[in-house]
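Novice: Below is the file model.cif, which contains mmCIF, C-alpha atoms.
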data_work
loop_
_atom_site.group_PDB
_atom_site.id
_atom_site.type_symbol
_atom_site.label_atom_id
_atom_site.label_comp_id
_atom_site.auth_asym_id
_atom_site.auth_seq_id
_atom_site.Cartn_x
_atom_site.Cartn_y
_atom_site.Cartn_z
ATOM 1 C CA MET A 9 -56.162 -35.605 -60.188
ATOM 2 C CA ARG A 10 -52.497 -36.257 -59.639
ATOM 3 C CA GLY A 11 -51.277 -39.604 -58.366
ATOM 4 C CA GLY A 12 -50.995 -40.525 -54.721
ATOM 5 C CA TYR A 13 -53.297 -41.128 -51.779
ATOM 6 C CA SER A 14 -56.783 -39.655 -51.901
ATOM 7 C CA GLY A 15 -59.384 -39.987 -49.156
ATOM 8 C CA ARG A 16 -62.857 -41.332 -49.847
ATOM 9 C CA CYS A 17 -64.382 -37.895 -49.620
ATOM 10 C CA GLY A 18 -61.570 -36.223 -51.502
ATOM 11 C CA PHE A 19 -62.083 -33.083 -53.550
ATOM 12 C CA ALA A 20 -61.917 -34.049 -57.223
ATOM 13 C CA GLY A 21 -61.462 -30.559 -58.544
ATOM 14 C CA GLY A 22 -58.152 -28.710 -58.714
ATOM 15 C CA ARG A 23 -56.938 -26.578 -55.833
ATOM 16 C CA HIS A 24 -56.721 -22.843 -56.238
ATOM 17 C CA SER A 25 -53.195 -21.535 -56.699
ATOM 18 C CA SER A 26 -53.457 -18.064 -55.208
ATOM 19 C CA SER A 27 -52.885 -17.565 -51.500
ATOM 20 C CA ARG A 28 -55.701 -16.276 -49.358
ATOM 21 C CA SER A 29 -56.126 -15.431 -45.710
ATOM 22 C CA ASN A 30 -58.130 -17.994 -43.786
ATOM 23 C CA ASP A 31 -61.022 -15.670 -43.101
ATOM 24 C CA GLY A 32 -61.780 -15.909 -46.829
ATOM 25 C CA ARG A 33 -60.431 -12.490 -47.808
ATOM 26 C CA GLY A 34 -57.821 -12.579 -50.543
ATOM 27 C CA TYR A 35 -54.604 -10.633 -50.701
ATOM 28 C CA HIS A 36 -52.063 -10.086 -53.419
ATOM 29 C CA GLY A 37 -48.845 -10.924 -51.599
ATOM 30 C CA ASN A 38 -46.628 -13.968 -51.959
ATOM 31 C CA PRO A 39 -46.416 -15.538 -48.478
ATOM 32 C CA CYS A 40 -43.074 -17.025 -47.495
ATOM 33 C CA LEU A 41 -41.915 -18.973 -44.442
ATOM 34 C CA THR A 42 -38.303 -19.339 -43.333
ATOM 35 C CA MET A 43 -37.458 -22.752 -41.885
ATOM 36 C CA HIS A 44 -34.317 -24.418 -40.597
ATOM 37 C CA GLN A 45 -32.746 -27.260 -42.485
ATOM 38 C CA PRO A 46 -33.294 -30.143 -42.963
ATOM 39 C CA TRP A 47 -37.027 -29.469 -42.453
ATOM 40 C CA ALA A 48 -37.174 -26.886 -45.262
ATOM 41 C CA SER A 49 -35.840 -29.191 -47.978
ATOM 42 C CA LEU A 50 -37.846 -32.164 -46.728
ATOM 43 C CA LEU A 51 -41.009 -30.105 -47.201
ATOM 44 C CA VAL A 52 -40.126 -28.824 -50.675
ATOM 45 C CA HIS A 53 -39.115 -32.342 -51.793
ATOM 46 C CA GLY A 54 -42.537 -33.694 -50.824
ATOM 47 C CA ILE A 55 -41.214 -35.959 -48.085
ATOM 48 C CA LYS A 56 -42.612 -33.829 -45.300
ATOM 49 C CA ARG A 57 -46.335 -33.232 -45.853
ATOM 50 C CA VAL A 58 -47.273 -31.601 -42.565
ATOM 51 C CA GLU A 59 -45.631 -28.430 -41.262
ATOM 52 C CA GLY A 60 -45.999 -28.399 -37.492
ATOM 53 C CA ARG A 61 -46.487 -25.129 -35.644
ATOM 54 C CA SER A 62 -47.789 -23.872 -32.314
ATOM 55 C CA TRP A 63 -50.033 -21.456 -34.242
ATOM 56 C CA PRO A 64 -52.650 -22.027 -36.947
ATOM 57 C CA SER A 65 -51.895 -21.370 -40.583
ATOM 58 C CA PRO A 66 -52.919 -17.820 -41.544
ATOM 59 C CA ILE A 67 -53.192 -18.604 -45.239
ATOM 60 C CA THR A 68 -54.520 -21.139 -47.704
ATOM 61 C CA GLY A 69 -52.722 -21.489 -51.011
ATOM 62 C CA ARG A 70 -49.146 -21.171 -52.184
ATOM 63 C CA LEU A 71 -46.496 -20.774 -49.496
ATOM 64 C CA TRP A 72 -42.888 -20.124 -50.475
ATOM 65 C CA ILE A 73 -40.243 -21.943 -48.421
ATOM 66 C CA HIS A 74 -36.906 -20.352 -47.519
ATOM 67 C CA ALA A 75 -34.038 -22.108 -45.723
ATOM 68 C CA ALA A 76 -32.512 -20.253 -42.767
ATOM 69 C CA SER A 77 -28.791 -19.616 -42.463
ATOM 70 C CA LYS A 78 -27.965 -22.277 -39.862
ATOM 71 C CA VAL A 79 -26.053 -25.198 -41.403
ATOM 72 C CA PRO A 80 -27.639 -28.457 -40.192
ATOM 73 C CA ASP A 81 -25.332 -30.864 -38.405
ATOM 74 C CA PRO A 82 -25.097 -34.463 -39.644
ATOM 75 C CA ASP A 83 -26.819 -35.866 -36.556
ATOM 76 C CA THR A 84 -29.867 -33.663 -37.121
ATOM 77 C CA ILE A 85 -30.086 -34.698 -40.760
ATOM 78 C CA LYS A 86 -29.752 -38.381 -39.844
ATOM 79 C CA ALA A 87 -32.409 -38.132 -37.138
ATOM 80 C CA MET A 88 -34.937 -36.561 -39.489
ATOM 81 C CA GLU A 89 -34.196 -38.896 -42.383
ATOM 82 C CA ASP A 90 -34.528 -41.889 -40.037
ATOM 83 C CA PHE A 91 -37.852 -40.506 -38.818
ATOM 84 C CA TYR A 92 -39.275 -40.315 -42.327
ATOM 85 C CA ARG A 93 -37.902 -43.738 -43.300
ATOM 86 C CA GLU A 94 -39.712 -45.266 -40.346
ATOM 87 C CA ILE A 95 -43.080 -43.576 -40.774
ATOM 88 C CA TYR A 96 -43.168 -44.195 -44.536
ATOM 89 C CA ALA A 97 -42.375 -47.861 -43.918
ATOM 90 C CA VAL A 98 -45.666 -48.078 -42.008
ATOM 91 C CA ASP A 99 -47.392 -47.437 -45.357
ATOM 92 C CA GLY A 100 -45.093 -49.840 -47.199
ATOM 93 C CA ILE A 101 -42.936 -47.120 -48.774
ATOM 94 C CA THR A 102 -39.193 -47.822 -48.805
ATOM 95 C CA GLY A 103 -36.136 -46.539 -50.652
ATOM 96 C CA ILE A 104 -36.946 -42.865 -50.097
ATOM 97 C CA LYS A 105 -34.783 -40.487 -52.132
ATOM 98 C CA PHE A 106 -33.668 -37.753 -49.756
ATOM 99 C CA PRO A 107 -32.143 -34.459 -50.924
ATOM 100 C CA ASP A 108 -28.485 -34.708 -51.883
ATOM 101 C CA HIS A 109 -27.753 -31.568 -49.864
ATOM 102 C CA TYR A 110 -29.521 -29.064 -47.647
ATOM 103 C CA PRO A 111 -28.670 -25.517 -48.795
ATOM 104 C CA VAL A 112 -29.000 -22.579 -46.418
ATOM 105 C CA SER A 113 -29.964 -18.925 -46.908
ATOM 106 C CA ARG A 114 -31.833 -19.906 -50.063
ATOM 107 C CA LEU A 115 -35.368 -19.735 -51.393
ATOM 108 C CA LEU A 116 -36.020 -23.407 -52.171
ATOM 109 C CA GLY A 117 -39.473 -23.576 -53.712
ATOM 110 C CA CYS A 118 -43.070 -23.680 -52.556
ATOM 111 C CA VAL A 119 -45.925 -25.863 -51.383
ATOM 112 C CA GLU A 120 -49.668 -25.389 -51.333
ATOM 113 C CA VAL A 121 -51.220 -25.134 -47.891
ATOM 114 C CA VAL A 122 -54.677 -26.657 -48.285
ATOM 115 C CA GLY A 123 -55.762 -26.575 -44.670
ATOM 116 C CA CYS A 124 -54.820 -26.684 -41.014
ATOM 117 C CA LEU A 125 -55.892 -29.072 -38.265
ATOM 118 C CA ARG A 126 -55.187 -29.585 -34.612
ATOM 119 C CA SER A 127 -52.950 -32.538 -33.834
ATOM 120 C CA GLU A 128 -55.742 -34.512 -32.169
ATOM 121 C CA GLU A 129 -57.773 -34.244 -35.369
ATOM 122 C CA LEU A 130 -54.993 -35.285 -37.731
ATOM 123 C CA VAL A 131 -53.867 -38.325 -35.752
ATOM 124 C CA CYS A 132 -57.425 -39.703 -35.823
ATOM 125 C CA TRP A 133 -58.101 -38.992 -39.498
ATOM 126 C CA GLU A 134 -58.418 -42.341 -41.231
ATOM 127 C CA HIS A 135 -58.857 -40.764 -44.685
ATOM 128 C CA VAL A 136 -55.115 -40.038 -44.892
ATOM 129 C CA PRO A 137 -52.175 -42.466 -44.765
ATOM 130 C CA GLU A 138 -50.913 -43.514 -41.364
ATOM 131 C CA SER A 139 -47.536 -41.921 -42.095
ATOM 132 C CA VAL A 140 -49.268 -38.538 -42.397
ATOM 133 C CA ARG A 141 -51.053 -39.088 -39.104
ATOM 134 C CA LEU A 142 -47.695 -39.864 -37.483
ATOM 135 C CA GLU A 143 -46.513 -36.398 -38.551
ATOM 136 C CA GLY A 144 -49.211 -34.830 -36.376
ATOM 137 C CA LEU A 145 -47.006 -34.020 -33.399
ATOM 138 C CA THR A 146 -47.762 -30.338 -32.892
ATOM 139 C CA ASP A 147 -50.634 -28.182 -31.715
ATOM 140 C CA PHE A 148 -51.387 -27.101 -35.283
ATOM 141 C CA CYS A 149 -50.641 -29.060 -38.447
ATOM 142 C CA TRP A 150 -50.409 -27.185 -41.750
ATOM 143 C CA LEU A 151 -51.419 -29.614 -44.505
ATOM 144 C CA CYS A 152 -49.255 -29.267 -47.596
ATOM 145 C CA GLU A 153 -49.680 -30.513 -51.157
ATOM 146 C CA ASN A 154 -48.152 -29.852 -54.575
ATOM 147 C CA PRO A 155 -44.475 -29.310 -53.664
ATOM 148 C CA GLN A 156 -42.380 -27.489 -56.252
ATOM 149 C CA LYS A 157 -38.666 -26.827 -56.116
ATOM 150 C CA LEU A 158 -36.550 -24.172 -57.757
ATOM 151 C CA VAL A 159 -34.130 -25.365 -60.410
ATOM 152 C CA VAL A 160 -31.668 -22.844 -58.992
ATOM 153 C CA PRO A 161 -32.396 -21.853 -55.367
ATOM 154 C CA PHE A 162 -32.300 -18.078 -54.849
ATOM 155 C CA GLU A 163 -29.974 -16.631 -52.250
ATOM 156 C CA MET A 164 -31.909 -14.306 -49.936
ATOM 157 C CA ARG A 165 -32.401 -13.345 -46.312
ATOM 158 C CA GLY A 166 -35.288 -14.699 -44.298
ATOM 159 C CA TYR A 167 -37.515 -13.195 -41.627
ATOM 160 C CA GLN A 168 -39.644 -14.304 -38.717
ATOM 161 C CA GLY A 169 -43.171 -15.513 -39.183
ATOM 162 C CA VAL A 170 -45.000 -15.543 -42.498
ATOM 163 C CA TYR A 171 -43.905 -12.578 -44.590
ATOM 164 C CA ASN A 172 -44.369 -11.392 -48.150
ATOM 165 C CA LEU A 173 -41.743 -12.363 -50.682
ATOM 166 C CA GLU A 174 -40.261 -9.368 -52.458
ATOM 167 C CA ARG A 175 -41.753 -8.909 -55.901
ATOM 168 C CA ARG A 176 -38.404 -8.914 -57.692
ATOM 169 C CA ILE A 177 -37.550 -12.286 -56.102
ATOM 170 C CA TYR A 178 -40.979 -13.682 -56.848
ATOM 171 C CA ASP A 179 -40.796 -12.648 -60.512
ATOM 172 C CA GLY A 180 -37.561 -14.584 -60.944
ATOM 173 C CA ALA A 181 -38.501 -17.577 -58.809
ATOM 174 C CA VAL A 182 -41.928 -18.322 -60.261
ATOM 175 C CA ARG A 183 -40.356 -19.026 -63.669
ATOM 176 C CA GLY A 184 -37.923 -21.582 -62.257
ATOM 177 C CA LEU A 185 -40.260 -24.008 -60.472
ATOM 178 C CA LEU A 186 -40.348 -27.749 -61.121
ATOM 179 C CA PRO A 187 -43.064 -30.083 -59.776
ATOM 180 C CA VAL A 188 -41.848 -32.640 -57.238
ATOM 181 C CA GLN A 189 -43.211 -36.153 -56.818
ATOM 182 C CA GLY A 190 -42.852 -37.165 -53.182
ATOM 183 C CA PRO A 191 -42.726 -40.779 -51.944
ATOM 184 C CA LEU A 192 -46.473 -40.805 -51.176
ATOM 185 C CA PRO A 193 -48.303 -37.662 -52.345
ATOM 186 C CA VAL A 194 -51.523 -36.924 -50.513
ATOM 187 C CA LYS A 195 -54.680 -35.186 -51.622
ATOM 188 C CA PHE A 196 -56.214 -34.063 -48.348
ATOM 189 C CA PRO A 197 -60.013 -34.492 -48.513
ATOM 190 C CA LEU A 198 -62.070 -31.402 -47.798
ATOM 191 C CA PRO A 199 -64.922 -31.598 -45.269
ATOM 192 C CA ASP A 200 -66.954 -29.507 -47.711
ATOM 193 C CA PRO A 201 -65.836 -30.120 -51.323
ATOM 194 C CA ARG A 202 -67.518 -26.857 -52.344
ATOM 195 C CA ASP A 203 -65.486 -24.811 -49.870
ATOM 196 C CA PRO A 204 -61.684 -24.778 -50.372
ATOM 197 C CA PHE A 205 -61.300 -23.178 -46.920
ATOM 198 C CA SER A 206 -63.282 -25.818 -45.011
ATOM 199 C CA LEU A 207 -60.252 -27.793 -43.790
ATOM 200 C CA LYS A 208 -59.557 -25.873 -40.580
ATOM 201 C CA PRO A 209 -59.180 -26.540 -36.840
ATOM 202 C CA GLY A 210 -62.381 -28.014 -35.458
ATOM 203 C CA SER A 211 -63.716 -29.076 -38.869
ATOM 204 C CA LEU A 212 -63.324 -32.811 -38.210
ATOM 205 C CA THR A 213 -65.270 -34.746 -35.604
ATOM 206 C CA PHE A 214 -64.685 -38.273 -34.353
ATOM 207 C CA ALA A 215 -66.540 -40.774 -32.226
ATOM 208 C CA ALA A 216 -65.599 -40.908 -28.571
ATOM 209 C CA SER A 217 -64.577 -44.544 -29.030
ATOM 210 C CA LYS A 218 -61.931 -43.707 -31.634
ATOM 211 C CA PRO A 219 -58.989 -46.117 -31.199
ATOM 212 C CA THR A 220 -55.476 -44.968 -30.456
ATOM 213 C CA LEU A 221 -52.787 -44.707 -33.127
ATOM 214 C CA GLN A 222 -50.330 -47.456 -32.270
ATOM 215 C CA LYS A 223 -46.609 -47.171 -32.943
ATOM 216 C CA SER A 224 -43.961 -49.857 -33.184
ATOM 217 C CA GLU A 225 -40.809 -49.585 -31.100
ATOM 218 C CA SER A 226 -38.798 -48.503 -34.147
ATOM 219 C CA VAL A 227 -41.288 -45.750 -35.023
ATOM 220 C CA ALA A 228 -41.395 -44.565 -31.410
ATOM 221 C CA ALA A 229 -37.579 -44.446 -31.369
ATOM 222 C CA ALA A 230 -37.521 -42.464 -34.621
ATOM 223 C CA ILE A 231 -40.026 -39.963 -33.212
ATOM 224 C CA ALA A 232 -37.900 -39.571 -30.093
ATOM 225 C CA GLY A 233 -34.857 -38.894 -32.280
ATOM 226 C CA ALA A 234 -36.748 -36.297 -34.309
ATOM 227 C CA ARG A 235 -37.921 -34.590 -31.154
ATOM 228 C CA ALA A 236 -34.378 -34.501 -29.839
ATOM 229 C CA ALA A 237 -33.194 -32.937 -33.110
ATOM 230 C CA ALA A 238 -35.749 -30.134 -32.767
ATOM 231 C CA THR A 239 -34.967 -29.616 -29.087
ATOM 232 C CA GLN A 240 -31.704 -27.856 -29.977
ATOM 233 C CA PHE A 241 -33.796 -24.940 -31.200
ATOM 234 C CA SER A 242 -36.524 -24.940 -28.553
ATOM 235 C CA LYS A 243 -33.941 -24.858 -25.733
ATOM 236 C CA LYS A 244 -32.322 -21.789 -27.219
ATOM 237 C CA ASP A 245 -35.730 -20.181 -27.508
ATOM 238 C CA ARG A 246 -36.478 -20.767 -23.853
ATOM 239 C CA LYS A 247 -33.136 -19.354 -22.765
ATOM 240 C CA ALA A 248 -33.769 -16.229 -24.794
ATOM 241 C CA ALA A 249 -37.382 -16.054 -23.572
ATOM 242 C CA ALA A 250 -38.123 -16.080 -27.237
ATOM 243 C CA SER A 251 -41.321 -16.516 -29.130
ATOM 244 C CA SER A 252 -41.070 -18.763 -32.152
ATOM 245 C CA GLU A 253 -37.733 -19.555 -33.756
ATOM 246 C CA ILE A 254 -37.973 -19.224 -37.520
ATOM 247 C CA GLY A 255 -37.833 -22.424 -39.360
ATOM 248 C CA THR A 256 -37.591 -24.747 -36.374
ATOM 249 C CA GLU A 257 -40.272 -27.262 -36.001
ATOM 250 C CA GLU A 258 -41.338 -24.581 -33.548
ATOM 251 C CA GLN A 259 -41.724 -26.468 -30.273
ATOM 252 C CA SER A 260 -43.023 -29.083 -32.640
ATOM 253 C CA TRP A 261 -41.245 -31.992 -31.139
ATOM 254 C CA GLY A 262 -39.482 -29.900 -28.518
ATOM 255 C CA SER A 263 -38.440 -31.700 -25.359
ATOM 256 C CA HIS A 264 -41.599 -33.760 -25.078
ATOM 257 C CA GLY A 265 -40.866 -37.435 -24.706
ATOM 258 C CA GLY A 266 -42.219 -40.033 -27.113
ATOM 259 C CA SER A 267 -44.985 -42.483 -26.295
ATOM 260 C CA SER A 268 -46.173 -45.706 -27.852
ATOM 261 C CA SER A 269 -49.655 -44.455 -28.769
ATOM 262 C CA VAL A 270 -51.582 -41.282 -29.509
ATOM 263 C CA ASP A 271 -54.950 -40.624 -27.904
ATOM 264 C CA CYS A 272 -57.643 -39.957 -30.495
ATOM 265 C CA ASN A 273 -60.165 -38.819 -27.905
ATOM 266 C CA GLY A 274 -59.156 -35.175 -27.759
ATOM 267 C CA LEU A 275 -55.719 -35.293 -26.103
ATOM 268 C CA SER A 276 -53.342 -32.746 -27.633
ATOM 269 C CA ILE A 277 -49.830 -34.129 -28.015
ATOM 270 C CA VAL A 278 -47.891 -30.903 -27.754
ATOM 271 C CA HIS A 279 -49.184 -27.872 -25.923
ATOM 272 C CA GLY A 280 -47.796 -24.586 -27.162
ATOM 273 C CA SER A 281 -48.863 -20.964 -27.345
ATOM 274 C CA TYR A 282 -49.994 -18.725 -30.145
ATOM 275 C CA ALA A 283 -46.432 -17.722 -30.933
ATOM 276 C CA HIS A 284 -47.392 -16.298 -34.313
ATOM 277 C CA LEU A 285 -47.905 -12.778 -33.002
ATOM 278 C CA GLN A 286 -45.155 -10.766 -34.590
ATOM 279 C CA ASN A 287 -42.881 -7.884 -33.680
ATOM 280 C CA GLN A 288 -44.504 -4.515 -34.309
ATOM 281 C CA ASN A 289 -41.530 -3.136 -36.217
ATOM 282 C CA ARG A 290 -41.718 -5.806 -38.912
ATOM 283 C CA PRO A 291 -44.472 -5.588 -41.523
ATOM 284 C CA SER A 292 -46.228 -8.902 -41.927
ATOM 285 C CA ILE A 293 -49.430 -10.447 -43.195
ATOM 286 C CA PHE A 294 -50.306 -10.863 -39.504
ATOM 287 C CA PRO A 295 -51.575 -8.137 -37.198
ATOM 288 C CA SER A 296 -48.604 -7.097 -35.055
ATOM 289 C CA THR A 297 -48.503 -7.259 -31.282
ATOM 290 C CA GLN A 298 -46.005 -6.845 -28.482
ATOM 291 C CA ALA A 299 -42.415 -7.589 -29.472
ATOM 292 C CA ASN A 300 -40.758 -10.783 -28.361
ATOM 293 C CA SER A 301 -37.122 -11.635 -27.788
ATOM 294 C CA GLN A 302 -35.230 -12.962 -30.768
ATOM 295 C CA ASN A 303 -33.239 -16.162 -30.805
ATOM 296 C CA PRO A 304 -29.512 -15.591 -31.467
ATOM 297 C CA ASN A 305 -29.529 -17.965 -34.438
ATOM 298 C CA SER A 306 -32.639 -16.647 -36.106
ATOM 299 C CA GLU A 307 -32.711 -14.414 -39.138
ATOM 300 C CA PRO A 308 -32.884 -10.610 -38.738
ATOM 301 C CA ARG A 309 -36.316 -9.151 -38.045
ATOM 302 C CA ARG A 310 -36.049 -6.548 -40.801
ATOM 303 C CA SER A 311 -38.548 -7.392 -43.499
ATOM 304 C CA PRO A 312 -38.778 -6.674 -47.208
ATOM 305 C CA ARG A 313 -41.098 -3.854 -48.194
ATOM 306 C CA LEU A 314 -44.672 -5.022 -48.583
ATOM 307 C CA GLU A 315 -45.805 -4.616 -52.160
ATOM 308 C CA PHE A 316 -49.507 -4.337 -51.450
ATOM 309 C CA GLY A 317 -49.882 -2.545 -48.143
ATOM 310 C CA ALA A 318 -52.563 -3.172 -45.576
ATOM 311 C CA SER A 319 -54.584 -5.458 -47.783
ATOM 312 C CA ASN A 320 -51.963 -8.126 -47.052
ATOM 313 C CA ARG A 321 -52.882 -8.301 -43.400
ATOM 314 C CA TRP A 322 -54.719 -11.215 -41.852
ATOM 315 C CA HIS A 323 -57.638 -9.998 -39.721
#
Take the structure in the file and give it back as C-alpha cells.

Specialist:
Amino acid sequence: MRGGYSGRCGFAGGRHSSSRSNDGRGYHGNPCLTMHQPWASLLVHGIKRVEGRSWPSPITGRLWIHAASKVPDPDTIKAMEDFYREIYAVDGITGIKFPDHYPVSRLLGCVEVVGCLRSEELVCWEHVPESVRLEGLTDFCWLCENPQKLVVPFEMRGYQGVYNLERRIYDGAVRGLLPVQGPLPVKFPLPDPRDPFSLKPGSLTFAASKPTLQKSESVAAAIAGARAAATQFSKKDRKAAASSEIGTEEQSWGSHGGSSSVDCNGLSIVHGSYAHLQNQNRPSIFPSTQANSQNPNSEPRRSPRLEFGASNRWH
C-alpha cells in the first residue's frame, strides 16, 4: 500500500483502475470533469483530496480533470493556498509545495474517485486526517486518491458535468501520466473491504453524542477566505439562474459564512440541489433532463462524441 494516512479499517488491497457507475454497472468511457483553477490543479497535485459538489459522484474509479478557460486571479489563488496551508497545519504538515502555475483550457491529469459521502458524514469520520474532514464543506464530498498529472497538459475544450473524454485525447494522455505524491496522501477506508463501491452516502453511521469538529481562528478565517473565493462563481450562477457552473467548487463554499465548529450530529453544512442533471442536447454519462441556463463564463455545452453509446449512461 502506498505511503500516507490509512484508517484502522482501511482496505489493504489495490483499488480498481477502471471507472464504473455507482450502481455497480461498468461502462467503457473515460469520465472527465472540467473545473476552474486553482481547484483543478490543487486536485491533480494531491493537495486537494475532496472534490465538493451539490450532487453525488456518478462514478467510482478514474476521473480525468480538465481546467476551464477562466484565468484565476491572484487573490483567488492566494485564498485557496492559504486555506490548504491552514488545514494541513492542523495535521502538522507545513511547507506545502503548490503548483508553480495554474494552466487553463488544459487536460491536467486524473484522480481516482473511491467513494462519495455527505458532508455530515465526512466531518465526523475519525478514520481520516482532520485536514480531510475540514474539506467537507459541501453537500456531497467526492473522495479522491492516486493523483496523476500529465507531463505535458493537453489543450482541449471542456464541457458541463461529467462527460466522456474523446478517445483520441485519452490515447495520448494515458501515456503521459506521472504519479503525484501529495503532502498527506490518504487511503480512504471502505465500510466493506470486499465491496469497492461501499463508500457511498449513508454508508457511515455515528453515535448521537459525536463531538463537534473544532476550528481555530486561523482555520476559520482561511475557510471564510476560500468560501469568498468560490462566491465569485456562485453569484454569477444565481444571476443567470444557472444550474452548476463547471469547475467551480459548485456552491461548495458559496456565500455561506464560516463558523467555529461543525455539527457531527447530522447537520449539513451547505444545502444545495441536485444540480447534476444535464442539458438534453449534450450527451453525457448522466441521464439528461430539462435544460438549465448556462453561466457566461462556463465552457460551451457541445460535447465530444461518445465512443460507446448508451452503455455509458448512469441509470

Novice: How many Å lie between CA of Pro82 (chain A) and CA of Tyr96 (chain A), rounded to one decimal?

Specialist: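 Computing it gives 21.1 Å between the two atoms.
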
Novice: Hey, which bits of region 52-134 of chain A sit within 8 Å of region 192-206 of chain A, and for each residue what's the closest pair of atoms and how far apart in Å (one decimal), counting all atoms listed in the file, rows by chain and increasing number, as a tab-separated table?

Specialist:
residue	atom	partner	partner_atom	distance
A:Gly54	CA	A:Pro193	CA	7.2
A:Ile55	CA	A:Leu192	CA	7.8
A:Arg57	CA	A:Val194	CA	7.9
A:Thr68	CA	A:Phe205	CA	7.1
A:Ile101	CA	A:Leu192	CA	7.6
A:Val122	CA	A:Pro204	CA	7.5
A:Gly123	CA	A:Phe205	CA	6.9

Novice: Generate a file of the selected residues that holds C-alpha atoms, formatted as an mmCIF file, keeping the file's coordinate frame.

Specialist:
data_model
loop_
_atom_site.group_PDB
_atom_site.id
_atom_site.type_symbol
_atom_site.label_atom_id
_atom_site.label_comp_id
_atom_site.auth_asym_id
_atom_site.auth_seq_id
_atom_site.Cartn_x
_atom_site.Cartn_y
_atom_site.Cartn_z
ATOM 1 C CA GLY A 54 -42.537 -33.694 -50.824
ATOM 2 C CA ILE A 55 -41.214 -35.959 -48.085
ATOM 3 C CA ARG A 57 -46.335 -33.232 -45.853
ATOM 4 C CA THR A 68 -54.520 -21.139 -47.704
ATOM 5 C CA ILE A 101 -42.936 -47.120 -48.774
ATOM 6 C CA VAL A 122 -54.677 -26.657 -48.285
ATOM 7 C CA GLY A 123 -55.762 -26.575 -44.670
#

Novice: Pick out the closest residue to Leu221 (chain A) from this set: A:Glu163, A:Glu134, A:Glu59, A:Asp81. Count all atoms listed in the file.

Specialist: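 Checking each of A:Glu163, A:Glu134, A:Glu59, A:Asp81 against Leu221 (chain A), counting all atoms listed in the file, the winner is A:Glu134.
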
Novice: Between A:Cys40, A:Ile231, A:Val121, A:Ile177, which has the minimum distance to Gly144 (chain A) (counting only C-alpha atoms)?

Specialist: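 Closest to Gly144 (chain A), using only C-alpha atoms: A:Ile231.
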
Novice: Counting all atoms listed in the file, figure out which residue out of A:Val52, A:Met43, A:Cys152, A:Ala229 gets nearest to Arg93 (chain A).

Specialist: A:Ala229

Novice: With only C-alpha atoms as the basis for distance, which of A:Phe162, A:Val227, A:Arg70, A:Gln189 is at the shortest distance from Glu138 (chain A)?

Specialist: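 Going through A:Phe162, A:Val227, A:Arg70, A:Gln189 one by one, the smallest distance to Glu138 (chain A) is for A:Val227.
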
Novice: How many Å separate CA of Val140 (chain A) from CA of Leu212 (chain A)?

Specialist: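 Separation between CA of Val140 (chain A) and CA of Leu212 (chain A): 15.7 Å.
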
Novice: Do you know which residues are at most 12 Å from Ala97 (chain A) counting all atoms listed in the file, after dropping those on the same chain fewer than 6 positions away, and could you put them as a ChimeraX atom specification?

Specialist: /A:90-91,103-104,137-140,142,191-192,223-224,226-227,230

Novice: To test your reading of the syntax: which residues would the PyMOL selection byres ((chain A and resi 72) around 8) return for the file shown? Reply as JSON, numbers by chain.

Specialist: {"A": [38, 39, 40, 41, 70, 71, 73, 74, 115, 116, 117, 118, 119, 173]}

Novice: Pick out the closest residue to Arg183 (chain A) from this set: A:Ile85, A:Leu158, A:Val131, A:Leu125. Count all atoms listed in the file.

Specialist: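 The shortest atom-to-atom distance to Arg183 (chain A) comes from A:Leu158.
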
Novice: If you measure from CA of Val58 (chain A) to CA of Trp133 (chain A), what distance in Å do you get, rounded to one decimal?

Specialist: 13.5 Å

Novice: Looking at only C-alpha atoms, which of A:Leu185, A:Lys78, A:Gly37, A:Arg61 is the one that sits closest to Asn172 (chain A)?

Specialist: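 Under the stated criterion, the closest residue is A:Gly37.
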
Novice: Selection in question (the file shown): the PyMOL selection byres ((chain A and resi 109) around 12). Which residues does it include, as a ChimeraX atom specification?

Specialist: /A:45-46,48-50,53,79-82,85,105-108,110-112,116
